[in-house]
Every structure is written in C-alpha cells, then in structure tokens.
$ cat start-v3.txt   # compact mmCIF, C-alpha atoms and all ligand atoms
# COMPACT_ATOMS: atom_id res chain seq x y z
CA MET K 24 121.65 103.35 208.24
CA SER K 25 125.31 103.16 208.98
CA PHE K 26 126.78 100.03 210.46
CA ILE K 27 129.88 100.09 212.62
CA ASN K 28 131.57 96.78 213.16
CA TYR K 29 134.24 96.92 215.85
CA SER K 30 135.38 93.40 215.17
CA ALA K 31 136.13 94.02 211.53
CA ARG K 32 136.96 97.68 212.28
CA GLU K 33 134.64 98.88 209.57
CA ILE K 34 132.22 101.73 209.11
CA ASN K 35 129.60 101.12 206.43
CA CYS K 36 127.26 103.75 205.02
CA LYS K 37 124.64 103.95 202.29
CA ILE K 38 124.32 106.61 199.60
CA VAL K 39 121.36 106.62 197.21
CA TYR K 40 121.39 108.25 193.77
CA TYR K 41 117.94 109.64 193.07
CA GLY K 42 116.45 111.54 190.14
CA PRO K 43 114.23 111.38 187.06
CA GLY K 44 114.36 108.53 184.55
CA LEU K 45 117.28 108.65 182.10
CA GLY K 46 118.94 111.40 184.13
CA GLY K 47 122.23 109.51 184.40
CA LYS K 48 122.18 107.78 187.82
CA THR K 49 123.31 104.42 186.51
CA THR K 50 125.94 106.16 184.37
CA ASN K 51 127.36 107.80 187.52
CA LEU K 52 127.81 104.39 189.14
CA GLN K 53 129.27 102.88 186.00
CA PHE K 54 131.86 105.63 185.82
CA ILE K 55 132.77 105.18 189.48
CA TYR K 56 133.03 101.45 188.94
CA ASN K 57 135.25 101.83 185.87
CA LYS K 58 137.61 104.27 187.56
CA THR K 59 137.97 102.57 190.90
CA ASN K 60 140.92 100.36 191.72
CA PRO K 61 139.85 96.67 191.81
CA ASP K 62 140.94 96.25 195.46
CA LEU K 63 138.62 99.04 196.48
CA LYS K 64 135.42 97.94 194.81
CA GLY K 65 133.08 94.99 194.76
CA LYS K 66 130.92 93.79 191.93
CA MET K 67 128.41 96.22 190.44
CA ILE K 68 124.96 94.69 190.37
CA SER K 69 122.36 96.11 188.02
CA LEU K 70 118.81 94.85 188.18
CA ALA K 71 117.69 96.32 184.88
CA THR K 72 115.15 95.83 182.10
CA GLU K 73 116.21 94.52 178.69
CA THR K 74 116.56 98.12 177.55
CA GLU K 75 118.97 98.91 180.40
CA ARG K 76 116.52 100.97 182.40
CA THR K 77 116.93 100.37 186.11
CA LEU K 78 114.20 98.00 187.24
CA PHE K 79 114.94 97.71 190.96
CA PHE K 80 118.38 99.08 191.77
CA ASP K 81 122.05 99.28 190.88
CA PHE K 82 124.44 98.46 193.68
CA LEU K 83 128.14 99.20 193.99
CA PRO K 84 130.19 98.71 197.17
CA ILE K 85 133.36 100.80 197.39
CA ALA K 86 136.04 101.46 199.97
CA LEU K 87 137.17 105.03 200.49
CA GLY K 88 140.19 104.46 202.70
CA GLU K 89 140.79 104.35 206.44
CA ILE K 90 140.27 106.71 209.32
CA ARG K 91 142.02 105.84 212.58
CA GLY K 92 142.17 102.17 211.73
CA PHE K 93 138.56 101.98 210.60
CA LYS K 94 137.89 100.98 207.00
CA ILE K 95 135.38 103.37 205.49
CA ARG K 96 133.02 101.63 203.09
CA PHE K 97 130.11 102.98 201.15
CA HIS K 98 127.27 101.13 199.52
CA LEU K 99 126.06 103.09 196.51
CA TYR K 100 122.56 102.46 195.20
CA THR K 101 120.54 103.98 192.38
CA VAL K 102 116.76 103.97 192.28
CA PRO K 103 114.70 103.39 189.12
CA GLY K 104 113.72 106.87 187.95
CA GLN K 105 110.65 105.97 185.93
CA VAL K 106 107.57 107.33 187.65
CA PHE K 107 105.72 104.03 187.95
CA TYR K 108 108.49 102.33 189.93
CA ASP K 109 107.69 104.30 193.06
CA ALA K 110 107.21 101.25 195.28
CA SER K 111 110.77 100.15 194.48
CA ARG K 112 112.18 103.62 195.15
CA LYS K 113 110.65 103.56 198.61
CA LEU K 114 112.34 100.25 199.37
CA ILE K 115 115.76 101.47 198.28
CA LEU K 116 115.54 104.54 200.51
CA LYS K 117 115.37 102.35 203.58
CA GLY K 118 118.35 103.03 205.76
CA VAL K 119 119.77 105.76 203.52
CA ASP K 120 122.54 107.93 205.00
CA GLY K 121 122.91 110.41 202.14
CA VAL K 122 121.30 111.28 198.82
CA VAL K 123 122.83 112.47 195.55
CA PHE K 124 120.13 113.99 193.35
CA VAL K 125 121.02 113.60 189.67
CA ALA K 126 119.10 116.21 187.69
CA ASP K 127 118.83 116.20 183.90
CA SER K 128 119.86 119.62 182.60
CA GLN K 129 117.80 119.46 179.41
CA GLU K 130 114.98 121.98 179.25
CA GLU K 131 112.35 119.39 178.47
CA ARG K 132 113.29 117.46 181.63
CA MET K 133 112.85 120.31 184.13
CA GLU K 134 109.36 119.23 185.03
CA ALA K 135 110.54 115.65 185.54
CA ASN K 136 113.32 116.97 187.81
CA LEU K 137 110.86 118.90 189.94
CA GLU K 138 108.50 115.98 190.16
CA SER K 139 111.34 113.73 191.23
CA VAL K 140 112.50 116.09 194.03
CA ASP K 141 108.93 116.19 195.34
CA ASN K 142 108.75 112.44 195.18
CA LEU K 143 112.07 112.15 197.03
CA ARG K 144 110.89 114.47 199.75
CA GLU K 145 107.64 112.54 200.26
CA ASN K 146 109.30 109.15 200.24
CA LEU K 147 111.86 110.32 202.78
CA VAL K 148 109.14 111.62 205.08
CA GLU K 149 107.51 108.20 204.98
CA ARG K 150 110.76 106.75 206.27
CA GLY K 151 111.13 109.42 208.93
CA TYR K 152 113.82 111.49 207.19
CA ASP K 153 113.83 115.16 206.28
CA LEU K 154 115.36 116.27 202.98
CA ASP K 155 116.09 119.66 204.52
CA THR K 156 118.40 118.31 207.17
CA MET K 157 119.91 115.12 205.81
CA PRO K 158 123.20 114.86 203.89
CA TYR K 159 122.22 115.91 200.39
CA VAL K 160 124.03 117.03 197.24
CA VAL K 161 122.66 118.01 193.86
CA GLN K 162 124.22 117.22 190.50
CA TYR K 163 123.27 119.02 187.28
CA ASN K 164 124.02 116.32 184.75
CA LYS K 165 124.27 116.29 180.95
CA ARG K 166 125.93 119.70 180.77
CA ASP K 167 127.44 118.61 177.45
CA LEU K 168 124.11 118.71 175.65
CA PRO K 169 122.67 121.70 173.75
CA GLU K 170 119.49 123.34 175.08
CA VAL K 171 120.38 123.01 178.73
CA VAL K 172 118.89 125.17 181.46
CA SER K 173 121.39 127.57 183.06
CA VAL K 174 122.94 126.46 186.32
CA ASP K 175 121.54 129.51 188.10
CA GLU K 176 118.05 128.62 187.03
CA MET K 177 118.44 124.97 187.97
CA ARG K 178 119.81 125.96 191.34
CA ARG K 179 116.88 128.29 191.91
CA GLN K 180 114.34 125.62 191.10
CA LEU K 181 115.96 122.46 192.39
CA ASN K 182 118.27 123.57 195.16
CA PRO K 183 116.59 126.20 197.30
CA ARG K 184 118.45 124.88 200.34
CA ARG K 185 121.70 125.68 198.52
CA VAL K 186 123.45 122.47 199.36
CA SER K 187 126.68 121.62 197.55
CA ASP K 188 125.97 121.22 193.86
CA PHE K 189 128.00 120.11 190.86
CA GLU K 190 127.86 120.44 187.09
CA ALA K 191 128.40 117.06 185.53
CA CYS K 192 128.66 114.97 182.47
CA ALA K 193 128.36 111.42 183.76
CA THR K 194 129.37 109.85 180.45
CA THR K 195 132.81 111.51 180.57
CA GLY K 196 132.95 111.57 184.36
CA GLN K 197 132.98 115.31 184.87
CA GLY K 198 131.60 116.04 188.34
CA VAL K 199 131.01 112.37 189.19
CA PHE K 200 133.69 111.84 191.85
CA GLU K 201 133.21 115.38 193.13
CA SER K 202 129.55 114.61 193.87
CA LEU K 203 130.36 111.26 195.47
CA LYS K 204 133.12 112.61 197.67
CA GLU K 205 131.09 115.53 198.90
CA SER K 206 128.20 113.22 199.71
CA ALA K 207 130.49 110.81 201.55
CA ARG K 208 132.04 113.66 203.49
CA LEU K 209 128.61 114.95 204.55
CA VAL K 210 127.53 111.47 205.61
CA LEU K 211 130.60 110.95 207.80
CA ARG K 212 130.18 114.36 209.39
CA ASP K 213 126.54 113.65 210.06
CA LEU K 214 127.41 110.29 211.59
CA LYS K 215 129.91 111.93 213.86
CA LYS K 216 127.43 114.62 214.84
CA LYS K 217 124.75 112.06 215.71
CA SER K 218 127.10 110.06 217.84
CA GLY K 219 128.52 112.98 219.72
CA MET T 17 114.58 105.20 214.94
CA ILE T 18 118.14 103.99 215.44
CA ASP T 19 120.29 105.21 212.54
CA THR T 20 123.48 103.48 213.40
CA LEU T 21 123.99 99.85 214.23
CA VAL T 22 127.07 99.38 216.35
CA ILE T 23 128.37 95.90 217.02
CA GLN T 24 131.07 95.46 219.60
CA ASP T 25 133.64 92.72 219.61
CA GLU T 26 131.99 90.55 222.28
CA ASP T 27 128.58 90.74 220.63
CA TYR T 28 130.10 89.88 217.30
CA ARG T 29 131.74 86.80 218.76
CA GLU T 30 128.49 85.68 220.33
CA ILE T 31 126.68 86.13 217.01
CA LEU T 32 129.38 84.29 215.13
CA ASP T 33 129.20 81.44 217.64
CA ALA T 34 125.49 81.11 217.15
CA ILE T 35 125.62 80.98 213.37
CA GLU T 36 128.61 78.66 213.30
CA ARG T 37 126.72 76.30 215.55
CA LEU T 38 123.71 76.52 213.25
CA ALA T 39 125.86 75.83 210.19
CA ARG T 40 127.30 72.70 211.85
CA HIS T 41 124.00 71.40 213.16
CA VAL T 42 122.18 71.59 209.86
CA ARG T 43 125.24 70.74 207.74
CA ALA T 44 124.65 73.98 205.81
CA LYS T 45 126.99 75.14 203.08
CA GLY T 46 126.70 78.65 204.41
CA VAL T 47 124.88 80.70 207.01
CA PHE T 48 124.70 84.47 206.65
CA LEU T 49 123.34 87.10 208.96
CA ILE T 50 122.34 90.22 207.11
CA GLU T 51 120.91 93.50 208.27
CA LYS T 52 117.65 94.27 206.44
CA ASN T 53 119.20 97.21 204.60
CA GLY T 54 121.76 94.96 202.99
CA GLN T 55 124.82 94.99 205.25
CA LEU T 56 126.40 91.63 205.98
CA ILE T 57 126.92 91.20 209.70
CA ALA T 58 128.47 87.76 209.97
CA ASP T 59 128.85 84.56 208.01
CA ALA T 60 129.80 80.96 208.64
CA GLY T 61 130.23 77.78 206.65
CA GLU T 62 132.29 76.65 203.75
CA MET T 63 131.38 78.93 200.83
CA TYR T 64 134.84 80.40 200.47
CA GLY T 65 135.27 83.04 197.81
CA LEU T 66 131.56 83.79 197.58
CA ASP T 67 130.77 87.45 196.93
CA THR T 68 129.07 88.02 200.27
CA THR T 69 128.58 91.75 199.75
CA SER T 70 126.48 91.12 196.67
CA LEU T 71 124.71 88.29 198.42
CA ALA T 72 123.69 90.56 201.30
CA SER T 73 122.42 93.35 199.11
CA LEU T 74 120.39 91.04 196.86
CA ALA T 75 118.94 89.14 199.82
CA ALA T 76 117.88 92.43 201.37
CA GLY T 77 116.33 93.56 198.09
CA ASN T 78 114.50 90.27 197.80
CA VAL T 79 113.14 90.39 201.36
CA ALA T 80 112.14 94.04 200.96
CA ALA T 81 110.29 93.37 197.72
CA THR T 82 108.49 90.38 199.21
CA ALA T 83 107.49 92.39 202.27
CA GLY T 84 106.11 95.03 199.89
CA LEU T 85 104.05 92.35 198.14
CA ALA T 86 102.78 91.10 201.49
CA LYS T 87 101.55 94.56 202.46
CA LEU T 88 99.77 94.94 199.12
CA ILE T 89 97.65 91.87 199.77
CA GLY T 90 97.06 92.80 203.40
CA GLU T 91 99.64 90.58 205.07
CA ASP T 92 102.18 91.98 207.48
CA ASP T 93 105.12 90.16 205.97
CA PHE T 94 106.14 86.76 204.64
CA PRO T 95 108.65 86.02 207.35
CA THR T 96 110.26 82.99 205.71
CA HIS T 97 111.38 82.47 202.14
CA PHE T 98 112.49 79.29 200.49
CA HIS T 99 114.05 78.99 197.05
CA GLN T 100 114.65 75.54 195.70
CA GLY T 101 117.42 75.00 193.20
CA GLN T 102 118.72 72.03 191.26
CA HIS T 103 121.38 71.25 193.91
CA ASP T 104 121.51 74.14 196.32
CA HIS T 105 118.63 75.70 198.17
CA LEU T 106 118.20 78.90 200.02
CA HIS T 107 116.21 79.56 203.17
CA MET T 108 115.69 83.06 204.54
CA THR T 109 113.99 84.16 207.74
CA VAL T 110 113.45 87.61 209.14
CA ILE T 111 114.45 87.75 212.79
CA GLY T 112 113.89 90.45 215.34
CA GLY T 113 112.20 92.56 212.67
CA ARG T 114 115.42 93.82 211.18
CA PHE T 115 117.77 90.99 210.38
CA ILE T 116 117.77 88.24 207.79
CA LEU T 117 119.13 84.81 208.53
CA LEU T 118 120.05 83.16 205.23
CA VAL T 119 121.00 79.49 204.98
CA VAL T 120 122.37 77.86 201.85
CA PHE T 121 122.15 74.06 201.90
CA ASP T 122 122.22 71.05 199.61
CA ASP T 123 121.02 67.47 199.72
CA ARG T 124 123.29 66.52 202.62
CA THR T 125 120.50 67.90 204.77
CA SER T 126 116.77 68.56 204.58
CA LEU T 127 114.46 71.52 204.56
CA GLY T 128 112.74 70.12 207.65
CA LEU T 129 115.95 70.10 209.66
CA VAL T 130 116.92 73.56 208.44
CA ARG T 131 113.52 74.95 209.43
CA LEU T 132 113.66 73.40 212.86
CA ARG T 133 117.16 74.61 213.71
CA VAL T 134 116.65 78.02 212.19
CA ARG T 135 113.63 78.52 214.40
CA LYS T 136 115.73 77.69 217.46
CA SER T 137 118.64 79.92 216.45
CA SER T 138 116.33 82.77 215.53
CA GLY T 139 115.11 83.07 219.07
CA GLN T 140 118.62 83.08 220.40
CA LEU T 141 119.88 85.59 217.84
CA ALA T 142 116.88 87.85 218.39
CA GLN T 143 117.81 87.87 222.07
CA ILE T 144 121.41 88.82 221.35
CA PHE T 145 120.28 91.61 219.07
CA GLU T 146 117.81 92.93 221.56
CA ASP T 147 120.76 93.43 223.90
CA VAL T 148 122.94 94.89 221.17
CA LEU T 149 120.27 97.39 220.19
CA LYS T 150 119.57 98.33 223.79
CA ARG T 151 123.19 99.24 224.16
CA ALA T 152 123.37 100.97 220.78
CA ASP T 153 124.41 104.51 221.46
CA GLY T 154 125.09 105.92 218.03
CA GLY T 155 128.64 105.49 216.90
CA ALA T 156 130.20 106.20 220.26
CA GLY T 157 133.85 105.36 220.64
CA ALA T 158 135.17 105.10 217.12
CA LEU T 159 133.56 108.30 216.01
CA ASP T 160 134.46 110.37 219.03
CA GLU T 161 138.09 110.14 218.04
CA ILE T 162 137.47 111.02 214.42
CA THR T 163 137.92 114.69 213.69
CA GLU T 164 136.74 116.87 210.83
CA ALA T 165 140.36 116.97 209.71
CA ASP T 166 140.44 113.15 209.50
CA ILE T 167 137.37 113.24 207.32
CA ASP T 168 138.81 115.91 205.07
CA LYS T 169 142.07 114.01 204.80
CA LEU T 170 140.22 111.00 203.43
CA PHE T 171 139.21 113.08 200.43
CA SER T 172 142.36 115.01 199.76
CA ASP T 173 143.98 113.72 196.62
N1 LIG E 1 125.01 113.34 176.67
C1 LIG E 1 124.95 112.79 177.88
N2 LIG E 1 124.30 111.62 178.05
C2 LIG E 1 124.27 111.09 179.28
C3 LIG E 1 124.88 111.72 180.40
N3 LIG E 1 124.66 110.97 181.48
C4 LIG E 1 123.95 109.89 181.07
N4 LIG E 1 123.70 109.97 179.74
C5 LIG E 1 122.95 108.99 178.92
O1 LIG E 1 121.60 109.02 179.30
C6 LIG E 1 121.02 107.72 179.17
C7 LIG E 1 120.35 107.32 180.48
O2 LIG E 1 121.33 107.20 181.49
P1 LIG E 1 121.15 106.25 182.77
O3 LIG E 1 122.36 106.40 183.59
O4 LIG E 1 120.75 104.89 182.35
O5 LIG E 1 119.90 106.97 183.45
P2 LIG E 1 119.18 106.59 184.82
O6 LIG E 1 119.04 107.84 185.60
O7 LIG E 1 119.87 105.45 185.49
O8 LIG E 1 117.73 106.13 184.29
P3 LIG E 1 116.67 105.12 185.03
O9 LIG E 1 117.40 103.87 185.35
O10 LIG E 1 115.56 104.91 184.07
O11 LIG E 1 116.20 105.85 186.24
C8 LIG E 1 122.14 106.79 178.76
O12 LIG E 1 122.06 106.59 177.38
C9 LIG E 1 123.40 107.55 179.13
O13 LIG E 1 124.49 107.24 178.31
C10 LIG E 1 125.55 112.97 180.18
O14 LIG E 1 126.10 113.61 181.09
N5 LIG E 1 125.54 113.46 178.91
MG MG E 2 119.32 103.62 186.05

$ encode --input "start-v3.txt" --output "structure tokens"
Amino acid sequence: MSFINYSAREINCKIVYYGPGLGGKTTNLQFIYNKTNPDLKGKMISLATETERTLFFDFLPIALGEIRGFKIRFHLYTVPGQVFYDASRKLILKGVDGVVFVADSQEERMEANLESVDNLRENLVERGYDLDTMPYVVQYNKRDLPEVVSVDEMRRQLNPRRVSDFEACATTGQGVFESLKESARLVLRDLKKKSG
Amino acid sequence: MIDTLVIQDEDYREILDAIERLARHVRAKGVFLIEKNGQLIADAGEMYGLDTTSLASLAAGNVAATAGLAKLIGEDDFPTHFHQGQHDHLHMTVIGGRFILLVVFDDRTSLGLVRLRVRKSSGQLAQIFEDVLKRADGGAGALDEITEADIDKLFSD
C-alpha cells in the first residue's frame, strides 16, 4: 500500500522480495544497503535465526530521488523462504505494491522455485492481489554457480507472463539494482495508473 | 480495498495536533502514529534522533504477528499491547482497524493514565481517519502531474 503524505511531500511504496529459502533475497538487500549512499538509506533490520536465515523479515528503507518535489521512498522487505514460515510470509505481503521474485538457478532448486511461485500466488490471492496483474519482476540468481538451469528454461517455467527478468549474482551485485529499479518503476507507473 | 493512503496537509495538521496533545497530557516521551503496514504517519514528543522508520516497521511487524497469534487461538485480535521495560515502557493500540498508536513513556507517568488518555485520543483519531479515508481518491493531485518521462528520469543514471 503506497502512502502519499502531502505535508512531508513524500510518496512511500513497499516492495517485497519473495522466493525459495537460500535463494539470495537477503543478499540482494545487503548489496543494496552496502552500495547506497548513507543519506539515501535507513538502517537495515534483519530478524534472523542464529544461522542467518530470515526468521520474520529483513527491512531496508531507501530513497530513490524526487519527482516534482515529491520524495520517492521505498520500503524493501524480504520474506523468510523456508517452507514452514508461511504464516510470516502472509503477514509481510500485507500492503505490498510490487514483488521481486528471486529464483535460485541451481538445478536442484527448480522444484523449490516452482513451489515458491505457487505459494506467492496463493498468498497474494488471500490478500486480494493478482500476480498476473501486479507489478512483478523475476530475478534468476546465482548465475555464477555451475549446474545452473538455462535462462530460457527458467523463463519458460517461472515466468510465463514474460515480465521483466534479470540474470543475477547477488553476492557480486550483478542484476541487483537492475531488478530493484525495474520493480520501482513498475510500482510508480501502477500507482499513477490507479490514481488516474 | 484502498491501495493508497493519501494524507492532505490539513488532515496531517489535525492528526499532529491530536498526538501532540496526547503526548503532553500523559507526559509521554514519544507518541507515534503508524499505518499497520509499517509507514510512520506522524510523531510527537521528545525522542529526538530516534530511528522512527525502523520503529514503525518493527511495531507493525509486532502487531501483525500478535494479530496472527490471536486468530490462531480464535480471537479476533489483541487490540492493545503493553511492553514493560526497566525504565521505558511501550503501549500500542490498534485504532480504526488500520493504524497503530504507539506511546513510549517512563516513570514520570503511569500505565493507568496512558490507557485512559489513549482511549480518548483513539476515538478522536479514528474519526479523523474515517474522514481521511472517505476522501481518499487514489493518489490524485500529485500523481496526475507525474509523467512516464518523470518516472523514467528517476532511473536514468
Ligand atoms: N554463489 C552465490 N551464492 C549466493 C548468491 N546469492 C546468495 N548467495 C548465498 O546463498 C546463501 C543464502 O542467501 P540468502 O540471501 O541468505 O538467502 P535468502 O533467500 O534470504 O534465504 P531465507 O532467508 O532462508 O529465505 C548465502 O550464503 C549467500 O551468500 C549468488 O548469486 N551466488
Ligand atoms: Mg533471507
């Protein structure tokens, strides 16, 4: 849910990073945090287990600049990817404006990717959203590893709607800002469309 | 479902008035009004330098998790939350179904007084928000002027 504050001249939106466990969602946020100018970011909060798996969410507020005197701010969240944290995932999706799906390119994770897309779709429906119409981008992460599924094949299985998609390596940052910017752009367009 | 919460200047001032009054009356260290999805709407009090963005997102996570627990045991919600610390305490109430009123206070005041005043302010704030939401018409105004080119420009670097 976006929030427009005329007094502070701010537009605030929420992007959620979704995907299977260990796919690299938290790593995406960490890279964004590390590469963003201190004046443009807030603290990154990670509610994680002792082994650094996301337990509830990661949260990172960033500013993307100004449009016509309005500060454009985004709240980035990740969900916990492990299957049994579904109740938490549902909570994080509340008020989402856009989703970045972080897929794990390794062959042995294809089933987990598919399961996670299904789970995303169902959880969105519960909140009254439709994955087929909302701002959505797909990221094929961990392209640096051996034994990865080809991009064509991943696209066929995970991105039938053919939304914008990006090859990535979240640890080095390849594709990370590209995915974020495209998602932010789609969210702002969608916001404009809904208002007009 | 309303996707966009739009707060105009006059409404904001009215909201700010209400929470500043509350902060004074209960001698709170800080009063924060937070949208349930984690956006800070307004704050008052004397907690300068506090990371209010983090505060809002964690408060929202906390309230959401507690509401989830409530549903599991067959309750609708636990509408008020109280956390007692060594020196500072935290009181949270859900108002109007979609906002959280968070009060931070210490031993200059009492939980009883906070509860009493929060209850009064909640009604008043709920009323203001009912009006705000009735008027909510998407992002009208600000967004009408924004063009696709403006959006693209934001990302050109
Ligand atoms: N080789 C490689 N490793 C990566 C890449 N992205 C993330 N990783 C590693 O994968 C592991 C899991 O990454 P996280 O970012 O914690 O995964 P997550 O999606 O947040 O996982 P959950 O919190 O359990 O849902 C970490 O050890 C990362 O360093 C990548 O592009 N390439
Ligand atoms: Mg994580």

$ residues_near_ligand --input "start-v3.txt" --ligand "ligand LIG 1 (chain E)" --cutoff "8 Å" --atoms "only C-alpha atoms and all ligand atoms" --output "PyMOL selection string"
chain K and resi 41-51+71+75-78+101-105+125+164-168+191-196

$ residues_around --input "start-v3.txt" --residues "Arg212 of chain K" --least-positions-apart "3" --cutoff "12 Å" --atoms "all atoms listed in the file" --output "list in words"
Cys36, Asp120, Gly121, Met157, Pro158, Glu205, Ser206, Ala207, Arg208, Leu209, Lys215, Lys216, Lys217, Ser218 and Gly219 of chain K; Gly155, Leu159, Asp160, Ile162, Thr163, Glu164, Ala165, Asp166, Ile167 and Asp168 of chain T

$ residues_around --input "start-v3.txt" --residues "Ala83 of chain T" --least-positions-apart "3" --cutoff "6 Å" --atoms "all atoms listed in the file" --output "list in words"
Ala80, Ala86 and Asp93 of chain T

$ interface_residues --input "start-v3.txt" --of "chain K" --to "chain T" --cutoff "9 Å" --atoms "all atoms listed in the file" --output "VMD selection string"
chain K and resid 24 to 31 35 37 65 to 68 79 to 80 82 to 84 87 to 91 93 98 110 to 111 114 to 115 117 to 120 151 204 to 205 208 211 to 212 214 to 219

$ atom_distance --input "start-v3.txt" --atom1 "atom CA of Phe200 of chain K" --atom2 "atom CA of Ser139 of chain K"
22.4 Å

$ closest_residue --input "start-v3.txt" --among "K:Arg178, K:Arg184, K:Arg96, K:Arg112" --to "ligand MG 2 (chain E)" --atoms "all atoms listed in the file"
K:Arg112

$ residues_around --input "start-v3.txt" --residues "Ile111 of chain T" --least-positions-apart "2" --cutoff "12 Å" --atoms "all atoms listed in the file" --output "PyMOL selection string"
chain T and resi 49-52+79+93-96+108-109+113-118+134-146

$ write_last_selection --input "start-v3.txt" --atoms "C-alpha atoms" --output "compact mmCIF listing (two decimals), in the frame of the given file"
# COMPACT_ATOMS: atom_id res chain seq x y z
CA LEU T 49 123.34 87.10 208.96
CA ILE T 50 122.34 90.22 207.11
CA GLU T 51 120.91 93.50 208.27
CA LYS T 52 117.65 94.27 206.44
CA VAL T 79 113.14 90.39 201.36
CA ASP T 93 105.12 90.16 205.97
CA PHE T 94 106.14 86.76 204.64
CA PRO T 95 108.65 86.02 207.35
CA THR T 96 110.26 82.99 205.71
CA MET T 108 115.69 83.06 204.54
CA THR T 109 113.99 84.16 207.74
CA GLY T 113 112.20 92.56 212.67
CA ARG T 114 115.42 93.82 211.18
CA PHE T 115 117.77 90.99 210.38
CA ILE T 116 117.77 88.24 207.79
CA LEU T 117 119.13 84.81 208.53
CA LEU T 118 120.05 83.16 205.23
CA VAL T 134 116.65 78.02 212.19
CA ARG T 135 113.63 78.52 214.40
CA LYS T 136 115.73 77.69 217.46
CA SER T 137 118.64 79.92 216.45
CA SER T 138 116.33 82.77 215.53
CA GLY T 139 115.11 83.07 219.07
CA GLN T 140 118.62 83.08 220.40
CA LEU T 141 119.88 85.59 217.84
CA ALA T 142 116.88 87.85 218.39
CA GLN T 143 117.81 87.87 222.07
CA ILE T 144 121.41 88.82 221.35
CA PHE T 145 120.28 91.61 219.07
CA GLU T 146 117.81 92.93 221.56

$ axis_aligned_box --input "start-v3.txt" --around "segment 63-72 of chain T" --padding-each-side "8 Å" --output "JSON"
{"center_x": 129.5, "center_y": 85.3, "center_z": 199.0, "size_x": 27.6, "size_y": 28.8, "size_z": 20.6}

$ atom_distance --input "start-v3.txt" --atom1 "atom CA of Glu62 of chain T" --atom2 "atom CA of Leu132 of chain T"
21.0 Å

$ residues_around --input "start-v3.txt" --residues "Val122 of chain K" --least-positions-apart "3" --cutoff "7 Å" --atoms "all atoms listed in the file" --output "number ranges by chain"
K: 38-41, 158-160

$ residues_around --input "start-v3.txt" --residues "Phe189 of chain K" --least-positions-apart "2" --cutoff "9 Å" --atoms "all atoms listed in the file" --output "VMD selection string"
chain K and resid 160 to 164 187 191 198 to 199 201 to 202

$ atom_distance --input "start-v3.txt" --atom1 "atom CA of Asp155 of chain K" --atom2 "atom CA of Ser128 of chain K"
22.2 Å

$ closest_residue --input "start-v3.txt" --among "K:Leu116, K:Arg179, K:Asn57, K:Thr156" --to "Met133 of chain K" --atoms "all atoms listed in the file"
K:Arg179
